[in-house]
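Colleague: Okay, so here is query02.cif, and as you'll see once you scroll down, it has mmCIF, C-alpha atoms and all ligand atoms.
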```
data_entry
loop_
_atom_site.label_atom_id
_atom_site.label_comp_id
_atom_site.auth_asym_id
_atom_site.auth_seq_id
_atom_site.Cartn_x
_atom_site.Cartn_y
_atom_site.Cartn_z
CA MET A 3 14.81 8.73 2.27
CA SER A 4 15.47 12.47 2.67
CA ASN A 5 14.21 13.69 -0.67
CA PRO A 6 13.35 10.95 -3.17
CA LYS A 7 13.55 12.01 -6.81
CA LEU A 8 11.09 11.45 -9.67
CA ALA A 9 12.20 7.95 -10.76
CA THR A 10 12.19 6.68 -7.15
CA ASN A 11 8.79 8.20 -6.35
CA ALA A 12 7.31 6.72 -9.55
CA LEU A 13 8.19 3.25 -8.20
CA HIS A 14 7.69 3.56 -4.45
CA ALA A 15 5.77 6.61 -3.20
CA GLY A 16 2.63 5.81 -1.22
CA HIS A 17 3.24 2.05 -0.92
CA ASP A 18 4.13 0.76 2.55
CA THR A 19 4.61 -2.97 1.92
CA THR A 20 3.99 -3.76 5.60
CA GLN A 21 0.40 -2.61 5.05
CA THR A 22 -0.18 -4.95 2.09
CA SER A 23 0.99 -8.34 3.46
CA GLY A 24 4.45 -7.66 2.03
CA THR A 25 3.32 -7.68 -1.60
CA ARG A 26 6.02 -6.02 -3.74
CA ALA A 27 3.42 -5.06 -6.34
CA VAL A 28 0.60 -2.75 -5.29
CA PRO A 29 -2.43 -5.07 -4.91
CA ILE A 30 -5.91 -4.42 -6.30
CA PHE A 31 -8.27 -3.93 -3.36
CA GLN A 32 -11.41 -4.91 -5.26
CA SER A 33 -13.92 -4.09 -2.51
CA THR A 34 -16.74 -1.57 -2.45
CA SER A 35 -16.78 -1.20 1.33
CA TYR A 36 -14.82 -1.71 4.58
CA VAL A 37 -15.78 -3.41 7.84
CA PHE A 38 -15.95 -1.05 10.84
CA ASN A 39 -14.52 -2.25 14.18
CA ASN A 40 -17.70 -1.13 15.95
CA THR A 41 -20.31 1.65 15.83
CA ASP A 42 -18.04 4.21 17.53
CA HIS A 43 -15.32 3.54 14.97
CA ALA A 44 -17.83 4.05 12.17
CA ALA A 45 -19.07 7.30 13.74
CA ASN A 46 -15.47 8.56 14.06
CA LEU A 47 -14.75 7.84 10.38
CA PHE A 48 -17.85 9.71 9.25
CA SER A 49 -17.03 12.72 11.48
CA LEU A 50 -13.33 12.71 10.39
CA ALA A 51 -12.22 12.27 14.03
CA GLU A 52 -10.33 9.29 12.57
CA LEU A 53 -9.27 8.83 8.94
CA GLY A 54 -10.06 5.52 7.26
CA PHE A 55 -11.88 3.81 4.43
CA ILE A 56 -15.69 3.89 4.31
CA TYR A 57 -16.87 3.26 0.75
CA THR A 58 -14.94 3.04 -2.56
CA ARG A 59 -16.80 5.97 -4.13
CA LEU A 60 -14.87 8.12 -1.61
CA ASN A 61 -11.58 6.23 -1.36
CA ASN A 62 -9.95 2.82 -1.71
CA PRO A 63 -6.52 1.50 -0.65
CA THR A 64 -5.28 0.93 -4.24
CA ASN A 65 -6.53 4.38 -5.30
CA GLN A 66 -4.96 5.89 -2.16
CA ILE A 67 -1.49 4.61 -3.15
CA LEU A 68 -1.92 6.12 -6.62
CA GLN A 69 -3.05 9.40 -5.01
CA GLU A 70 -0.03 9.58 -2.71
CA ARG A 71 2.29 8.71 -5.60
CA LEU A 72 0.86 11.47 -7.82
CA ALA A 73 1.04 14.01 -4.98
CA ALA A 74 4.71 13.10 -4.39
CA ILE A 75 5.60 13.33 -8.08
CA GLU A 76 3.87 16.68 -8.67
CA GLY A 77 4.89 18.16 -5.30
CA GLY A 78 1.37 18.56 -3.82
CA VAL A 79 -0.09 18.09 -0.33
CA GLY A 80 -2.74 15.73 -1.69
CA ALA A 81 -4.29 14.22 -4.79
CA VAL A 82 -7.68 12.77 -5.70
CA VAL A 83 -8.23 10.31 -8.55
CA PHE A 84 -11.30 10.11 -10.80
CA ALA A 85 -12.85 7.83 -13.44
CA SER A 86 -11.39 9.96 -16.28
CA GLY A 87 -9.58 13.23 -16.91
CA THR A 88 -12.92 14.75 -17.81
CA ALA A 89 -14.46 13.62 -14.50
CA ALA A 90 -11.50 15.25 -12.71
CA ILE A 91 -12.00 18.58 -14.52
CA ALA A 92 -15.81 18.62 -14.18
CA THR A 93 -15.80 17.57 -10.51
CA GLY A 94 -12.98 19.98 -9.68
CA LEU A 95 -14.81 22.94 -11.19
CA MET A 96 -18.17 21.96 -9.63
CA THR A 97 -16.48 21.69 -6.22
CA LEU A 98 -14.83 25.09 -6.61
CA LEU A 99 -17.54 27.17 -8.30
CA ARG A 100 -21.19 28.17 -7.96
CA ALA A 101 -23.76 29.70 -10.34
CA GLY A 102 -22.75 33.27 -11.16
CA ASP A 103 -18.99 32.54 -11.08
CA HIS A 104 -16.62 33.14 -13.98
CA ILE A 105 -13.47 31.45 -15.34
CA VAL A 106 -10.68 32.92 -17.47
CA ALA A 107 -9.26 30.15 -19.69
CA SER A 108 -6.72 29.72 -22.43
CA SER A 109 -8.34 29.50 -25.87
CA SER A 110 -6.03 26.60 -26.66
CA LEU A 111 -7.61 23.68 -24.80
CA TYR A 112 -8.46 20.02 -25.29
CA GLY A 113 -11.74 19.89 -27.29
CA GLY A 114 -13.73 18.21 -24.50
CA THR A 115 -12.66 20.81 -21.93
CA PHE A 116 -13.51 23.62 -24.36
CA ASN A 117 -17.05 22.27 -24.75
CA LEU A 118 -17.51 21.87 -20.98
CA LEU A 119 -16.53 25.52 -20.43
CA ASN A 120 -18.16 26.94 -23.56
CA VAL A 121 -21.50 25.09 -23.65
CA THR A 122 -22.30 22.95 -20.61
CA LEU A 123 -21.17 25.09 -17.64
CA PRO A 124 -22.91 28.25 -18.96
CA ARG A 125 -26.18 26.25 -18.74
CA LEU A 126 -25.50 26.03 -14.99
CA GLY A 127 -24.66 29.74 -14.70
CA ILE A 128 -20.83 29.45 -14.83
CA THR A 129 -19.31 31.39 -17.71
CA THR A 130 -15.82 31.50 -19.26
CA THR A 131 -13.84 34.15 -21.12
CA PHE A 132 -11.29 32.54 -23.46
CA VAL A 133 -8.08 34.50 -24.05
CA ASP A 134 -5.00 34.18 -26.27
CA PRO A 135 -2.54 32.60 -23.81
CA ASP A 136 0.63 33.84 -25.53
CA ASP A 137 0.48 37.10 -23.55
CA PRO A 138 0.05 36.39 -19.81
CA THR A 139 -1.47 39.84 -19.18
CA ASN A 140 -4.49 38.80 -21.32
CA PHE A 141 -5.60 36.68 -18.35
CA GLY A 142 -5.47 39.62 -15.91
CA LYS A 143 -7.31 41.88 -18.36
CA ALA A 144 -10.20 39.39 -18.61
CA VAL A 145 -10.63 39.03 -14.83
CA GLN A 146 -14.03 40.22 -13.53
CA GLU A 147 -15.40 40.82 -10.06
CA ASN A 148 -16.92 37.28 -10.13
CA THR A 149 -13.86 35.46 -11.54
CA ARG A 150 -12.96 32.45 -9.40
CA ALA A 151 -10.40 30.49 -11.48
CA ILE A 152 -7.78 30.72 -14.23
CA PHE A 153 -7.54 27.52 -16.31
CA VAL A 154 -4.82 26.54 -18.82
CA GLU A 155 -2.96 23.58 -20.33
CA SER A 156 0.82 23.72 -19.77
CA LEU A 157 1.37 22.31 -23.27
CA GLY A 158 -1.81 22.80 -25.30
CA ASN A 159 -3.44 19.84 -27.07
CA PRO A 160 -3.28 20.01 -30.10
CA LYS A 161 -1.80 23.52 -30.62
CA LEU A 162 1.42 22.53 -28.77
CA ASP A 163 1.78 26.05 -27.41
CA VAL A 164 4.07 26.24 -24.36
CA LEU A 165 2.59 28.60 -21.79
CA ASP A 166 4.49 31.10 -19.67
CA LEU A 167 3.23 29.56 -16.43
CA LYS A 168 5.17 31.96 -14.18
CA GLY A 169 3.70 34.98 -15.94
CA ILE A 170 0.13 33.63 -15.81
CA SER A 171 0.49 32.59 -12.15
CA LYS A 172 1.29 36.23 -11.27
CA GLU A 173 -1.99 37.29 -12.90
CA ALA A 174 -3.87 34.64 -10.87
CA GLN A 175 -2.18 35.79 -7.65
CA ALA A 176 -3.11 39.41 -8.32
CA ALA A 177 -6.73 38.34 -8.95
CA LYS A 178 -6.68 36.14 -5.79
CA VAL A 179 -8.03 33.11 -7.67
CA PRO A 180 -6.60 29.58 -8.01
CA PHE A 181 -4.37 28.87 -11.01
CA ILE A 182 -5.41 25.50 -12.48
CA VAL A 183 -3.03 23.77 -14.92
CA ASP A 184 -3.89 20.69 -16.99
CA ASN A 185 -0.46 19.01 -17.26
CA THR A 186 -1.59 15.96 -19.28
CA VAL A 187 0.57 16.44 -22.38
CA ALA A 188 3.75 17.61 -20.64
CA THR A 189 3.44 15.03 -17.80
CA PRO A 190 5.22 15.29 -14.43
CA GLY A 191 8.11 13.47 -16.13
CA LEU A 192 8.98 16.72 -17.92
CA LEU A 193 7.31 19.58 -16.01
CA ASN A 194 5.96 20.27 -12.51
CA PRO A 195 3.50 23.21 -12.76
CA ILE A 196 3.48 23.69 -8.95
CA GLU A 197 7.12 24.86 -9.19
CA HIS A 198 5.85 27.65 -11.45
CA GLY A 199 2.93 28.79 -9.31
CA ALA A 200 0.06 26.39 -10.13
CA ASN A 201 -2.36 25.85 -7.22
CA LEU A 202 -4.13 22.83 -8.72
CA VAL A 203 -2.75 20.41 -11.33
CA ILE A 204 -4.99 18.21 -13.49
CA HIS A 205 -4.14 15.00 -15.33
CA SER A 206 -5.87 12.71 -17.72
CA LEU A 207 -4.15 9.54 -16.43
CA THR A 208 -5.51 7.87 -19.58
CA LYS A 209 -2.65 9.33 -21.64
CA TYR A 210 1.09 9.17 -20.90
CA ILE A 211 0.80 8.31 -17.19
CA ASN A 212 -0.92 4.98 -17.87
CA GLY A 213 0.74 4.99 -21.26
CA ASN A 214 -0.59 1.72 -22.64
CA GLY A 215 -4.05 2.78 -23.76
CA THR A 216 -5.69 0.27 -21.40
CA ALA A 217 -7.51 2.37 -18.76
CA LEU A 218 -9.27 5.70 -18.35
CA GLY A 219 -8.44 7.80 -15.30
CA GLY A 220 -8.01 11.34 -14.05
CA ALA A 221 -6.49 13.21 -11.12
CA ILE A 222 -6.33 16.56 -9.37
CA ILE A 223 -3.20 17.37 -7.38
CA ASP A 224 -3.56 20.10 -4.74
CA ALA A 225 -0.44 22.23 -4.15
CA GLY A 226 -1.91 23.30 -0.80
CA THR A 227 -0.74 26.86 -1.53
CA PHE A 228 -4.01 28.68 -2.19
CA ASP A 229 -5.43 30.94 0.53
CA TRP A 230 -9.11 29.94 0.70
CA THR A 231 -9.71 32.53 3.44
CA ASN A 232 -9.20 35.53 1.13
CA GLY A 233 -12.92 36.35 1.15
CA LYS A 234 -13.78 34.99 -2.30
CA PHE A 235 -14.52 31.39 -1.25
CA PRO A 236 -17.14 31.37 1.53
CA GLU A 237 -17.76 27.63 1.02
CA PHE A 238 -14.32 27.03 2.54
CA THR A 239 -14.66 29.44 5.47
CA GLU A 240 -18.32 29.07 6.48
CA PRO A 241 -19.90 25.93 8.00
CA SER A 242 -20.69 23.49 5.18
CA ALA A 243 -24.36 22.52 5.00
CA GLY A 244 -23.22 19.54 2.90
CA TYR A 245 -20.95 18.12 5.62
CA HIS A 246 -22.50 18.69 9.08
CA GLY A 247 -21.15 22.22 9.52
CA LEU A 248 -17.51 21.42 8.75
CA VAL A 249 -15.42 24.58 8.13
CA TYR A 250 -12.95 23.25 5.58
CA SER A 251 -10.25 25.92 5.91
CA GLU A 252 -10.18 25.61 9.73
CA ALA A 253 -10.46 21.84 10.04
CA LEU A 254 -8.20 20.84 7.15
CA GLY A 255 -5.86 23.77 6.50
CA ALA A 256 -3.69 23.30 3.41
CA ALA A 257 -5.60 20.13 2.47
CA ALA A 258 -9.01 21.90 2.47
CA PHE A 259 -9.60 21.52 -1.26
CA THR A 260 -8.40 17.88 -1.36
CA PHE A 261 -10.93 16.94 1.32
CA LYS A 262 -13.77 18.95 -0.24
CA LEU A 263 -13.11 17.09 -3.51
CA ILE A 264 -13.54 13.76 -1.73
CA LEU A 265 -16.26 14.56 0.82
CA GLU A 266 -18.49 16.55 -1.55
CA GLY A 267 -17.13 16.17 -5.11
CA LEU A 268 -16.86 12.37 -5.18
CA ARG A 269 -19.77 11.86 -2.80
CA ASP A 270 -22.21 13.98 -4.85
CA PHE A 271 -21.02 13.46 -8.45
CA GLY A 272 -19.72 9.90 -8.08
CA GLY A 273 -16.92 9.90 -10.66
CA ALA A 274 -14.76 7.42 -8.72
CA LEU A 275 -11.86 5.52 -10.32
CA SER A 276 -12.17 1.73 -10.40
CA PRO A 277 -9.40 0.13 -8.28
CA PHE A 278 -8.64 -2.18 -11.21
CA ASN A 279 -7.91 0.88 -13.38
CA ALA A 280 -5.85 2.40 -10.55
CA PHE A 281 -3.71 -0.77 -10.61
CA GLN A 282 -3.24 -0.52 -14.39
CA ILE A 283 -2.30 3.14 -14.09
CA ILE A 284 0.23 2.38 -11.32
CA GLN A 285 1.96 -0.13 -13.65
CA GLY A 286 2.25 2.60 -16.26
CA LEU A 287 3.35 5.33 -13.88
CA GLU A 288 6.31 3.18 -12.74
CA THR A 289 8.00 3.63 -16.14
CA LEU A 290 6.77 7.15 -17.03
CA PRO A 291 10.17 8.83 -16.44
CA ILE A 292 11.99 6.66 -19.00
CA ARG A 293 9.08 6.36 -21.45
CA ILE A 294 8.46 10.09 -21.76
CA LYS A 295 12.15 10.69 -22.57
CA GLN A 296 11.97 8.21 -25.45
CA HIS A 297 8.61 9.61 -26.67
CA SER A 298 10.26 13.08 -26.72
CA GLU A 299 13.38 11.83 -28.53
CA ASN A 300 11.33 10.02 -31.21
CA ALA A 301 9.01 13.01 -31.66
CA LEU A 302 11.90 15.45 -32.17
CA ALA A 303 13.60 13.13 -34.67
CA LEU A 304 10.37 12.70 -36.64
CA ALA A 305 9.61 16.45 -36.58
CA GLU A 306 13.07 17.20 -38.00
CA TRP A 307 12.58 14.55 -40.70
CA LEU A 308 9.13 15.92 -41.62
CA GLN A 309 10.56 19.43 -42.09
CA ASP A 310 12.54 18.18 -45.11
CA ARG A 311 9.61 16.44 -46.87
CA LYS A 312 8.25 18.02 -50.03
CA GLU A 313 4.63 17.01 -49.16
CA VAL A 314 4.77 18.93 -45.85
CA ALA A 315 3.75 22.61 -45.64
CA TRP A 316 4.79 23.23 -42.02
CA VAL A 317 5.81 21.34 -38.85
CA ASN A 318 5.10 22.26 -35.23
CA TYR A 319 7.04 20.71 -32.35
CA PRO A 320 8.09 22.80 -29.36
CA GLY A 321 11.62 21.35 -29.52
CA LEU A 322 12.27 22.50 -33.11
CA LYS A 323 14.84 25.32 -33.32
CA GLY A 324 13.36 28.50 -34.78
CA GLY A 325 9.80 27.51 -33.79
CA LYS A 326 7.48 29.98 -32.07
CA TYR A 327 7.64 28.20 -28.68
CA TYR A 328 11.29 27.05 -28.77
CA GLU A 329 12.55 29.50 -26.09
CA LEU A 330 9.62 28.82 -23.73
CA ALA A 331 10.14 25.08 -24.29
CA GLN A 332 13.81 25.39 -23.29
CA GLU A 333 12.71 27.19 -20.11
CA TYR A 334 9.77 24.99 -19.07
CA LEU A 335 10.50 21.66 -20.82
CA PRO A 336 14.30 21.35 -20.95
CA LYS A 337 14.23 17.54 -20.46
CA GLY A 338 12.06 16.96 -23.56
CA GLN A 339 8.91 18.30 -25.16
CA SER A 340 6.71 15.17 -25.07
CA GLY A 341 5.42 13.01 -27.91
CA LEU A 342 2.96 15.12 -29.92
CA VAL A 343 3.91 16.55 -33.32
CA THR A 344 1.59 18.43 -35.68
CA PHE A 345 2.16 19.23 -39.33
CA GLY A 346 0.29 20.50 -42.36
CA VAL A 347 0.00 18.48 -45.56
CA LYS A 348 0.20 20.31 -48.87
CA GLY A 349 -3.19 19.78 -50.47
CA GLY A 350 -5.09 20.58 -47.26
CA PHE A 351 -8.20 18.81 -45.91
CA GLU A 352 -8.44 16.13 -48.65
CA ALA A 353 -4.71 15.26 -48.66
CA ALA A 354 -4.71 15.09 -44.85
CA LYS A 355 -7.60 12.60 -44.89
CA GLN A 356 -5.88 10.45 -47.52
CA LEU A 357 -2.66 10.39 -45.48
CA THR A 358 -4.41 9.26 -42.29
CA ASP A 359 -6.17 6.52 -44.28
CA ALA A 360 -2.86 5.14 -45.56
CA THR A 361 -0.66 4.66 -42.47
CA LYS A 362 -0.09 1.11 -41.20
CA VAL A 363 2.07 1.47 -38.07
CA PHE A 364 0.41 4.73 -36.96
CA SER A 365 -3.14 3.81 -35.86
CA LEU A 366 -5.95 6.16 -36.85
CA LEU A 367 -7.74 6.87 -33.57
CA ALA A 368 -8.74 9.56 -31.05
CA ASN A 369 -6.22 9.25 -28.23
CA ILE A 370 -2.72 10.37 -27.32
CA GLY A 371 0.07 9.15 -25.08
CA ASP A 372 0.01 5.46 -26.00
CA THR A 373 3.24 3.45 -26.37
CA LYS A 374 1.95 2.73 -29.91
CA SER A 375 2.09 5.53 -32.51
CA LEU A 376 -1.22 7.26 -33.29
CA ILE A 377 -2.42 9.62 -36.00
CA ILE A 378 -5.52 11.78 -36.46
CA HIS A 379 -6.92 14.59 -38.62
CA PRO A 380 -8.58 16.78 -35.92
CA SER A 381 -10.49 19.07 -38.30
CA SER A 382 -12.65 16.17 -39.57
CA THR A 383 -12.82 14.29 -36.22
CA THR A 384 -12.05 15.52 -32.67
CA HIS A 385 -12.73 19.18 -33.50
CA GLN A 386 -15.50 18.77 -36.13
CA GLN A 387 -18.18 20.19 -33.74
CA LEU A 388 -16.35 23.53 -33.50
CA THR A 389 -16.79 26.39 -35.97
CA GLU A 390 -13.84 27.07 -38.29
CA GLU A 391 -13.00 30.14 -36.18
CA GLN A 392 -13.07 28.13 -32.93
CA GLN A 393 -10.94 25.46 -34.62
CA LEU A 394 -8.35 28.06 -35.56
CA SER A 395 -8.16 29.57 -32.06
CA ALA A 396 -7.64 26.01 -30.73
CA GLY A 397 -4.80 25.74 -33.28
CA VAL A 398 -6.62 23.36 -35.64
CA SER A 399 -6.25 24.25 -39.34
CA GLN A 400 -7.88 22.14 -42.07
CA ASP A 401 -4.55 20.65 -43.20
CA LEU A 402 -3.36 19.75 -39.67
CA ILE A 403 -2.34 16.20 -38.79
CA ARG A 404 -1.61 15.31 -35.17
CA LEU A 405 0.86 12.52 -34.43
CA SER A 406 1.26 10.94 -31.02
CA VAL A 407 4.70 9.44 -31.55
CA GLY A 408 5.12 6.08 -29.84
CA LEU A 409 8.07 3.94 -28.86
CA GLU A 410 8.52 1.94 -32.10
CA ASP A 411 11.89 2.07 -33.89
CA ILE A 412 12.17 5.50 -35.50
CA SER A 413 13.19 4.05 -38.89
CA ASP A 414 9.93 2.06 -39.04
CA LEU A 415 7.91 5.19 -38.25
CA LYS A 416 9.63 7.12 -41.06
CA GLU A 417 9.09 4.25 -43.49
CA ASP A 418 5.37 4.13 -42.60
CA LEU A 419 4.87 7.86 -43.18
CA GLU A 420 6.93 7.64 -46.39
CA GLN A 421 4.59 5.03 -47.90
CA ALA A 422 1.52 6.96 -46.66
CA PHE A 423 2.75 10.18 -48.36
CA ALA A 424 3.24 8.15 -51.55
CA ALA A 425 -0.39 6.96 -51.33
CA ILE A 426 -1.84 10.51 -51.54
CA ASP A 427 -3.42 11.22 -54.93
CA LYS A 428 -0.94 13.38 -56.90
CA SER A 429 -3.72 15.68 -58.16
CA VAL A 430 -4.70 16.42 -54.53
CA LEU A 431 -1.13 17.19 -53.43
CA ALA A 432 -0.41 19.62 -56.25
C1 LIG A 501 -7.61 13.51 -22.96
C2 LIG A 501 -7.48 14.79 -22.28
C3 LIG A 501 -8.41 15.18 -21.29
C4 LIG A 501 -9.62 14.32 -20.93
O1 LIG A 501 -9.23 13.13 -20.32
P1 LIG A 501 -10.11 11.76 -20.43
O2 LIG A 501 -9.33 10.82 -19.56
O3 LIG A 501 -10.16 11.37 -21.86
O4 LIG A 501 -11.46 12.07 -19.89
C5 LIG A 501 -8.22 16.40 -20.66
N1 LIG A 501 -7.18 17.19 -20.98
C6 LIG A 501 -6.28 16.86 -21.93
C7 LIG A 501 -5.16 17.78 -22.24
C8 LIG A 501 -6.40 15.65 -22.62
O5 LIG A 501 -5.51 15.32 -23.57
#
```
Before anything else, please render the file you have as structure tokens.
Ligand SMILES: *Cc1c(COP(=O)(O)O)cnc(C)c1O
Modeller:
Amino acid sequence: MSNPKLATNALHAGHDTTQTSGTRAVPIFQSTSYVFNNTDHAANLFSLAELGFIYTRLNNPTNQILQERLAAIEGGVGAVVFASGTAAIATGLMTLLRAGDHIVASSSLYGGTFNLLNVTLPRLGITTTFVDPDDPTNFGKAVQENTRAIFVESLGNPKLDVLDLKGISKEAQAAKVPFIVDNTVATPGLLNPIEHGANLVIHSLTKYINGNGTALGGAIIDAGTFDWTNGKFPEFTEPSAGYHGLVYSEALGAAAFTFKLILEGLRDFGGALSPFNAFQIIQGLETLPIRIKQHSENALALAEWLQDRKEVAWVNYPGLKGGKYYELAQEYLPKGQSGLVTFGVKGGFEAAKQLTDATKVFSLLANIGDTKSLIIHPSSTTHQQLTEEQQLSAGVSQDLIRLSVGLEDISDLKEDLEQAFAAIDKSVLA
């Protein structure tokens, strides 16, 4: 095939059936280790003179197919999978950075990522400046001499702000640091950050890519476009003490970061994906292109319906005309704006809690991107550890409800919310 498109890659990329006994489905290679032909073969694998499987913490044939499929879909030279989205982010940053380094990040991030950057990494000497992502030049203004990465989410969770990726990528280029984009909410079904200048793309595979809420997973896709020899990344240009003097940029060229992630990141931090979970995630990925369209269609219909409800103070969905991010959404997410909708309930914190207690089809839980519809009140749950000011800069007001709109019939979803609105105490709503 000359140039397979998204739907074809989602079904076929990375799987050569002649290498798997002709199995049409990708098999689960449930093995921790791989028999070497002889001692020389083993020595060649360890020295990278030959590429092959050694131990499942580093790579596995099922995981490898998922990696090649994700690289094809996002347009990268390589991909590495991890036990969770969080393991991908933590291992990626630990592979890239050292004590004394600095990150410039969007203030509108997933709560777990915010805590990693704001609390845990500073303990190890890596600090972050958070900036308002609406103006791309804010990133450039926050760059310091020791800045080594710019980190954003293409579609922020839960603020649902659409970022001007092209504008921010110019700031990263000027600063000569990699531009890292978490593309979990938008998914490669709707947006490919590499087309807009991202050097590394991150996914929590747990969400829309698996899509069924059955397996945790994460990935980093390497665009292969970053120049590691620009003087700021000596660990890529000097002999690596951690891998018998290997000079990553010379030996591996465009795939230098992909290999460092495997040879040092997975080897030393151990956040490997189980091949069973890789299999589950492959089943989900096959149908991502059609699922994400329906998630987007249902979310837009529900957002429009919510706008007309008397109990609702405001609605945020990037596909709503007149909304703050509508124009950016048309530019970056023309095929659909994914399945998350947020809205405020009149009556604030208490009314929001009563609403989330009353839904029957929408499940009250802390996840997104499931085929089933989900609901949560972030201020009292996912974001409760943040101060009110931090909550607000992450886009979380006290009255905010986040919906992850699933694939149920839209009329049933409306009926469920209708009865849940009716269950809110009238004195609280007023
Ligand atoms: C869920 C999520 C993560 C973390 O992924 P896990 O698989 O839960 O570890 C990171 N980024 C975003 C945007 C997420 O929604």
Colleague: Give the residues close to ligand LIG 501 (chain A), within 6 Å, counting all atoms listed in the file; write them as a VMD selection string.
Modeller: chain A and resid 86 to 88 112 159 186 to 187 206 208 218 to 220
Colleague: Give me a file of those residues, with C-alpha atoms, as a CSV table (one decimal), in the frame of the given file.
Modeller:
```csv
chain,number,residue,atom,x,y,z
A,86,SER,CA,-11.4,10.0,-16.3
A,87,GLY,CA,-9.6,13.2,-16.9
A,88,THR,CA,-12.9,14.8,-17.8
A,112,TYR,CA,-8.5,20.0,-25.3
A,159,ASN,CA,-3.4,19.8,-27.1
A,186,THR,CA,-1.6,16.0,-19.3
A,187,VAL,CA,0.6,16.4,-22.4
A,206,SER,CA,-5.9,12.7,-17.7
A,208,THR,CA,-5.5,7.9,-19.6
A,218,LEU,CA,-9.3,5.7,-18.4
A,219,GLY,CA,-8.4,7.8,-15.3
A,220,GLY,CA,-8.0,11.3,-14.0
```
Colleague: Between A:Leu95, A:Ile196, A:Ala301, A:Ala144, which is the closest to Glu173 in chain A once you count only C-alpha atoms?
Modeller: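 Among A:Leu95, A:Ile196, A:Ala301, A:Ala144, it is A:Ala144 that comes nearest to Glu173 in chain A.
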Colleague: Neighbours of Val79 in chain A within 8 Å (only C-alpha atoms; same-chain residues fewer than 3 positions away dropped), as a VMD selection string?
Modeller: chain A and resid 73 223 to 226 256 to 257
Colleague: Expressed in Å to a single decimal, how great is the separation between CA of Ser49 in chain A and CA of Ile264 in chain A?
Modeller: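 So the two atoms, CA of Ser49 in chain A and CA of Ile264 in chain A, lie 13.7 Å apart.
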Colleague: Could you give me, as a list in words, the residues within 9 Å of Ala85 in chain A, counting all atoms listed in the file and dropping anything in the same chain fewer than 6 positions from it?
Modeller: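 Result of the neighbour search: Leu218, Gly219, Gly220, Ala221, Gly272, Gly273, Ala274, Leu275, Ser276 and Asn279 of chain A.
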Colleague: To one decimal in Å, tell me the separation between CA of Phe141 in chain A and CA of Ala200 in chain A.
Modeller: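 A separation of 14.3 Å between them.
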Colleague: Could you list, as a ChimeraX atom specification, every residue within 12 Å of range 23-28 of chain A, counting all atoms listed in the file and ignoring same-chain residues fewer than 6 positions away?
Modeller: /A:13-17,63-68,71,277-278,280-285,288
Colleague: If you count all atoms listed in the file, which residues fall within 8 Å of range 332-345 of chain A, apart from same-chain ones fewer than 6 positions away, as a PyMOL selection string?
Modeller: chain A and resi 160-162+164+187-189+192-193+294-295+297-301+305+314-321+370-371+401-408
Colleague: Go through A:Phe181, A:Lys172, A:Leu98, A:Thr358 and flag the residue nearest Glu237 in chain A, using all atoms listed in the file for the distances.
Modeller: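 Of A:Phe181, A:Lys172, A:Leu98, A:Thr358, the one nearest Glu237 in chain A, counting all atoms listed in the file, is A:Leu98.
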Colleague: Range 182-260 of chain A near range 374-381 of chain A within 12 Å: what's each residue's closest atom pair and its distance in Å to one decimal, counting all atoms listed in the file, ordered by chain then ascending residue number, as a Markdown table?
Modeller:
```
| residue | atom | partner | partner_atom | distance |
| --- | --- | --- | --- | --- |
| A:Lys209 | CA | A:Lys374 | CA | 11.5 |
| A:Tyr210 | CA | A:Lys374 | CA | 11.1 |
| A:Gly213 | CA | A:Lys374 | CA | 9.0 |
| A:Asn214 | CA | A:Lys374 | CA | 7.8 |
| A:Gly215 | CA | A:Lys374 | CA | 8.6 |
| A:Thr216 | CA | A:Lys374 | CA | 11.7 |
```
Colleague: Can you report as JSON the centre and edge lengths in Å, to one decimal, of an axis-aligned box around the listed atoms of range 168-173 of chain A padded with 6 Å on each side?
Modeller:
```
{"center_x": 1.6, "center_y": 34.6, "center_z": -13.6, "size_x": 19.2, "size_y": 17.3, "size_z": 16.7}
```
